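Printed here is work-v5.tsv (TSV, C-alpha atoms):
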chain	number	residue	atom	x	y	z
A	1178	MET	CA	102.09	70.57	105.43
A	1179	SER	CA	103.47	74.12	105.62
A	1180	GLN	CA	101.45	77.13	106.73
A	1181	LEU	CA	101.83	78.59	103.23
A	1182	THR	CA	100.37	75.49	101.61
A	1183	GLU	CA	97.41	75.59	103.99
A	1184	PHE	CA	96.77	79.24	103.13
A	1185	PHE	CA	97.04	78.56	99.38
A	1186	GLU	CA	94.53	75.74	99.63
A	1187	SER	CA	92.03	77.94	101.46
A	1188	ASP	CA	89.58	80.15	99.59
A	1189	GLU	CA	89.58	82.39	102.67
A	1190	TYR	CA	93.05	83.91	102.05
A	1191	THR	CA	94.77	86.06	99.48
A	1192	HIS	CA	98.53	86.57	99.29
A	1193	TRP	CA	100.91	89.39	98.59
A	1194	VAL	CA	104.58	88.91	97.86
A	1195	VAL	CA	107.05	91.62	98.89
A	1196	VAL	CA	110.34	91.56	96.99
A	1197	ASP	CA	113.49	93.66	97.23
A	1198	LYS	CA	113.78	95.01	93.67
A	1199	ILE	CA	117.44	95.95	94.17
A	1200	ARG	CA	118.31	92.29	94.73
A	1201	VAL	CA	115.82	90.98	92.14
A	1202	PRO	CA	115.69	93.66	89.42
A	1203	ASP	CA	113.67	91.47	87.03
A	1204	ILE	CA	110.88	90.71	89.51
A	1205	ASP	CA	108.33	92.61	87.44
A	1206	ILE	CA	109.08	90.37	84.44
A	1207	LEU	CA	108.81	87.24	86.60
A	1208	ALA	CA	105.59	88.41	88.27
A	1209	TYR	CA	103.85	89.12	84.99
A	1210	ARG	CA	105.15	85.90	83.43
A	1211	TYR	CA	103.90	83.59	86.20
A	1212	GLU	CA	101.01	85.42	87.84
A	1213	ASN	CA	97.69	86.46	86.33
A	1214	ASN	CA	97.34	90.23	86.90
A	1215	PRO	CA	99.81	90.65	89.78
A	1216	GLU	CA	99.07	94.41	90.19
A	1217	MET	CA	102.64	95.49	91.02
A	1218	ILE	CA	102.88	98.26	93.66
A	1219	LYS	CA	106.08	100.09	94.69
A	1220	LEU	CA	106.15	100.38	98.48
A	1221	PHE	CA	108.22	103.59	98.49
A	1222	TYR	CA	105.53	105.36	96.46
A	1223	GLY	CA	103.69	107.71	98.81
A	1224	SER	CA	106.13	107.08	101.68
A	1225	ASP	CA	109.01	109.06	103.19
A	1226	PHE	CA	111.19	107.20	100.68
A	1227	HIS	CA	109.28	108.38	97.60
A	1228	HIS	CA	112.49	109.90	96.17
A	1229	LEU	CA	113.88	106.33	95.98
A	1230	VAL	CA	110.84	104.86	94.23
A	1231	GLU	CA	112.93	103.45	91.36
A	1232	VAL	CA	114.68	101.07	93.79
A	1233	SER	CA	111.60	100.42	95.89
A	1234	PRO	CA	110.62	97.00	97.18
A	1235	VAL	CA	107.53	95.86	95.30
A	1236	VAL	CA	104.39	94.08	96.41
A	1237	PHE	CA	102.06	92.11	94.17
A	1238	CYS	CA	99.22	89.60	94.24
A	1239	PHE	CA	100.47	86.03	94.43
A	1240	THR	CA	98.38	82.96	93.65
A	1241	GLY	CA	101.06	80.44	94.54
A	1242	SER	CA	101.88	79.54	90.95
A	1243	LYS	CA	104.18	76.53	90.92
A	1244	GLU	CA	106.80	78.24	88.77
A	1245	LEU	CA	107.11	81.37	90.90
A	1246	THR	CA	106.87	79.41	94.15
A	1247	ASN	CA	109.82	77.26	93.02
A	1248	LEU	CA	111.82	80.33	92.07
A	1249	ILE	CA	111.13	81.90	95.47
A	1250	LYS	CA	112.14	78.71	97.21
A	1251	TYR	CA	115.27	77.86	95.23
A	1252	ASP	CA	116.63	80.96	93.44
A	1253	PHE	CA	119.15	82.52	95.85
A	1254	ALA	CA	118.27	86.17	95.16
A	1255	LEU	CA	114.52	85.54	95.40
A	1256	LYS	CA	114.83	83.23	98.39
A	1257	THR	CA	116.77	85.82	100.40
A	1258	SER	CA	114.76	88.87	99.32
A	1259	THR	CA	111.13	87.74	99.30
A	1260	VAL	CA	108.36	87.27	101.85
A	1261	VAL	CA	104.69	86.33	101.49
A	1262	PHE	CA	101.96	88.05	103.49
A	1263	SER	CA	98.62	86.22	103.65
A	1264	PHE	CA	95.37	87.92	104.56
A	1265	LYS	CA	91.66	87.33	104.70
A	1266	LYS	CA	89.87	88.53	101.61
A	1267	ASN	CA	87.87	91.12	103.55
A	1268	THR	CA	91.02	92.98	104.67
A	1269	LYS	CA	91.11	96.48	103.16
A	1270	GLN	CA	93.87	97.14	100.62
A	1271	GLU	CA	94.48	100.59	102.09
A	1272	ASP	CA	95.12	99.06	105.53
A	1273	ARG	CA	97.51	96.49	104.05
A	1274	LEU	CA	99.51	99.05	102.05
A	1275	ASN	CA	99.63	101.54	104.90
A	1276	HIS	CA	100.87	98.83	107.22
A	1277	LEU	CA	103.63	97.63	104.87
A	1278	ARG	CA	104.73	101.22	104.37
A	1279	SER	CA	104.66	101.90	108.12
A	1280	LEU	CA	107.04	98.97	108.63
A	1281	LEU	CA	109.71	100.61	106.47
A	1282	THR	CA	110.84	102.62	109.49
A	1283	VAL	CA	110.48	101.39	113.05
A	1284	ILE	CA	111.80	102.42	116.43
A	1285	ILE	CA	114.19	99.99	118.12
A	1286	ASN	CA	115.65	100.94	121.48
A	1287	GLY	CA	114.59	104.57	120.97
A	1288	ASP	CA	116.27	104.89	117.55
A	1289	MET	CA	114.45	105.11	114.23
A	1290	ARG	CA	115.67	102.39	111.86
A	1291	PHE	CA	115.03	101.29	108.31
A	1292	PHE	CA	113.40	97.86	108.68
A	1293	ARG	CA	114.01	95.28	105.94
A	1294	TYR	CA	111.16	93.00	106.99
A	1295	TYR	CA	111.07	91.64	103.43
A	1296	SER	CA	114.49	89.96	103.83
A	1297	SER	CA	114.28	86.27	104.68
A	1298	VAL	CA	117.90	86.41	105.84
A	1299	PHE	CA	116.89	88.95	108.48
A	1300	LEU	CA	113.74	87.04	109.46
A	1301	ASN	CA	115.66	83.77	109.76
A	1302	SER	CA	117.99	85.39	112.26
A	1303	VAL	CA	115.36	87.06	114.46
A	1304	HIS	CA	111.99	85.30	114.23
A	1305	LYS	CA	112.51	82.93	117.16
A	1306	GLY	CA	113.44	85.83	119.44
A	1307	LEU	CA	110.54	88.15	118.59
A	1308	ASN	CA	108.18	88.82	121.47
A	1309	ASP	CA	104.41	88.47	120.97
A	1310	GLN	CA	103.82	92.23	120.71
A	1311	ASP	CA	106.46	92.62	118.00
A	1312	LYS	CA	104.97	89.71	116.05
A	1313	LYS	CA	101.57	91.39	116.29
A	1314	ASN	CA	103.06	94.72	115.21
A	1315	ILE	CA	104.85	93.20	112.25
A	1316	LEU	CA	101.78	91.28	111.07
A	1317	GLY	CA	99.31	94.14	111.51
A	1318	PRO	CA	96.25	93.33	109.37
A	1319	PHE	CA	97.85	90.21	107.88
A	1320	SER	CA	97.15	86.65	108.99
A	1321	SER	CA	100.69	85.43	108.39
A	1322	LEU	CA	104.15	86.32	107.15
A	1323	THR	CA	105.98	83.49	105.40
A	1324	TRP	CA	109.50	83.16	103.98
A	1325	VAL	CA	111.98	80.48	102.98
A	1326	GLY	CA	114.18	79.33	105.86
A	1327	GLU	CA	117.86	78.45	105.74
A	1328	ASP	CA	116.80	74.81	105.36
A	1329	ASP	CA	114.76	75.64	102.21
A	1330	GLU	CA	111.53	75.03	104.13
A	1331	TRP	CA	108.76	77.60	104.60
A	1332	LYS	CA	108.80	79.46	107.93
A	1333	SER	CA	105.94	81.62	109.24
A	1334	LEU	CA	104.78	84.11	111.80
A	1335	VAL	CA	101.08	83.49	112.28
A	1336	GLY	CA	98.68	85.92	113.91
A	1337	ASP	CA	95.72	85.34	116.17
A	1338	GLU	CA	92.70	85.11	113.86
A	1339	ASN	CA	90.39	86.10	116.72
A	1340	LYS	CA	91.99	89.52	117.25
A	1341	LYS	CA	90.89	92.34	115.00
A	1342	TYR	CA	93.62	94.62	113.66
A	1343	VAL	CA	93.26	98.21	114.74
A	1344	ASN	CA	95.57	100.81	113.25
A	1345	ASN	CA	95.93	103.45	115.93
A	1346	GLY	CA	97.93	105.71	113.65
A	1347	ASN	CA	101.07	105.50	115.77
A	1348	THR	CA	103.85	105.34	113.22
A	1349	PRO	CA	106.57	104.46	113.29
A	1350	LEU	CA	105.97	101.27	115.22
A	1351	SER	CA	108.13	100.55	118.22
A	1352	LEU	CA	109.69	97.08	118.35
A	1353	THR	CA	111.07	95.91	121.69
A	1354	SER	CA	112.42	92.37	121.22
A	1355	SER	CA	115.96	92.09	122.56
A	1356	VAL	CA	116.99	90.07	119.48
A	1357	LEU	CA	116.57	93.25	117.41
A	1358	LEU	CA	119.19	95.15	119.44
A	1359	GLY	CA	121.89	93.35	117.46
A	1360	TYR	CA	120.68	95.18	114.35
A	1361	LEU	CA	121.27	98.72	115.59

Turn the structure described in the file into structure tokens.
Amino acid sequence: MSQLTEFFESDEYTHWVVVDKIRVPDIDILAYRYENNPEMIKLFYGSDFHHLVEVSPVVFCFTGSKELTNLIKYDFALKTSTVVFSFKKNTKQEDRLNHLRSLLTVIINGDMRFFRYYSSVFLNSVHKGLNDQDKKNILGPFSSLTWVGEDDEWKSLVGDENKKYVNNGNTPLSLTSSVLLGYL
């Protein structure tokens, strides 16, 4: 059983999907067709990238509907441009949004970089080489980050449920895993 399935079957967790709207321009249509009240939010809104809000990645509530789950898993554009963040229901929306926006730019090897954490292609290539601190930084207030792997199976980064997330206001985050140096 995949981590995503376990989270969907638990009443303890809620899920947000982050999708690259440039690669999946009809995601709003799909979200509203298959999800009940997805509450679409543009991540660039209120960020340093506000001027690009029309091409912003979007985040929305995801119940795990069979139709949308299958599209995410098997439609090439969705599969390569979508991730699922799972969180405990008591996690504040402001903390979640601030965290996702803070991940848009990170520091790698002293250089500020745009960070496409919502690309499964990127995550497939780096997740095994991420150090524990970078995993913690990427997850922030979320319990897990899940995406479709190259083998069409769900892959996940899972946080330590016993550690409370504390946003110390240090943005952008600094990521130090050597695997990320190849993306400079």

Shortest contact to Leu1358 (chain A), candidates A:Leu1334, A:Leu1281, A:Val1303, A:Val1235, atoms counted only C-alpha atoms, goes to A:Val1303

The residue from A:Ser1263, A:Ser1279, A:Asn1286, A:Asn1213 with the smallest atom-to-atom distance to Thr1191 (chain A), counting all atoms listed in the file, is A:Ser1263

The residue from A:Phe1292, A:Phe1221, A:Phe1299, A:Phe1237 with the smallest atom-to-atom distance to Leu1352 (chain A), counting all atoms listed in the file, is A:Phe1292

Between A:Pro1202, A:Pro1349, A:Gly1241, A:Gly1287, smallest distance to Ile1315 (chain A) by all atoms listed in the file belongs to A:Pro1349

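When all atoms listed in the file are used to measure the gap to Asp1288 (chain A), the shortest distance among A:Thr1353, A:Ser1233, A:Ser1224, A:Thr1246 belongs to A:Thr1353.
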
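Relative to CA of Pro1234 (chain A), CA of Thr1268 (chain A) is found at 21.4 Å.
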
- Leu1220 (chain A) environment, 10 Å, all atoms listed in the file, sequence neighbours closer than 2 positions dropped, as a PyMOL selection string: chain A and resi 1195-1196+1217-1218+1222-1224+1226-1227+1230+1232-1236+1274-1275+1277-1279+1281

**Prompt:** Residues around (116.8, 89.0, 121.3), cut-off 6 Å, counting all atoms listed in the file - what are they as a list of chain:residue names?
**Reply:** A:Gly1306, A:Ser1354, A:Ser1355, A:Val1356, A:Leu1357

Expressed in Å, the length from CA of Ser1242 (chain A) to CA of Glu1271 (chain A) is 24.9 Å

**Asked** Between CA of Leu1245 (chain A) and CA of Trp1193 (chain A), what is the distance, to one decimal in Å?
**Response**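 Taking CA of Leu1245 (chain A) and CA of Trp1193 (chain A), their separation equals 12.7 Å.
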
Please write as a list of chain:residue names the list of polymer residues whose atoms come within 7 Å of (99.7, 86.3, 100.2), counting all atoms listed in the file and keeping to the coordinates of the file. A:Thr1191, A:His1192, A:Trp1193, A:Val1194, A:Cys1238, A:Phe1239, A:Val1261, A:Phe1262, A:Ser1263, A:Phe1264

Counting all atoms listed in the file, the residue among A:Asp1329, A:Leu1207, A:Ile1199, A:Ser1351 that lies closest to Leu1229 (chain A) is A:Ile1199
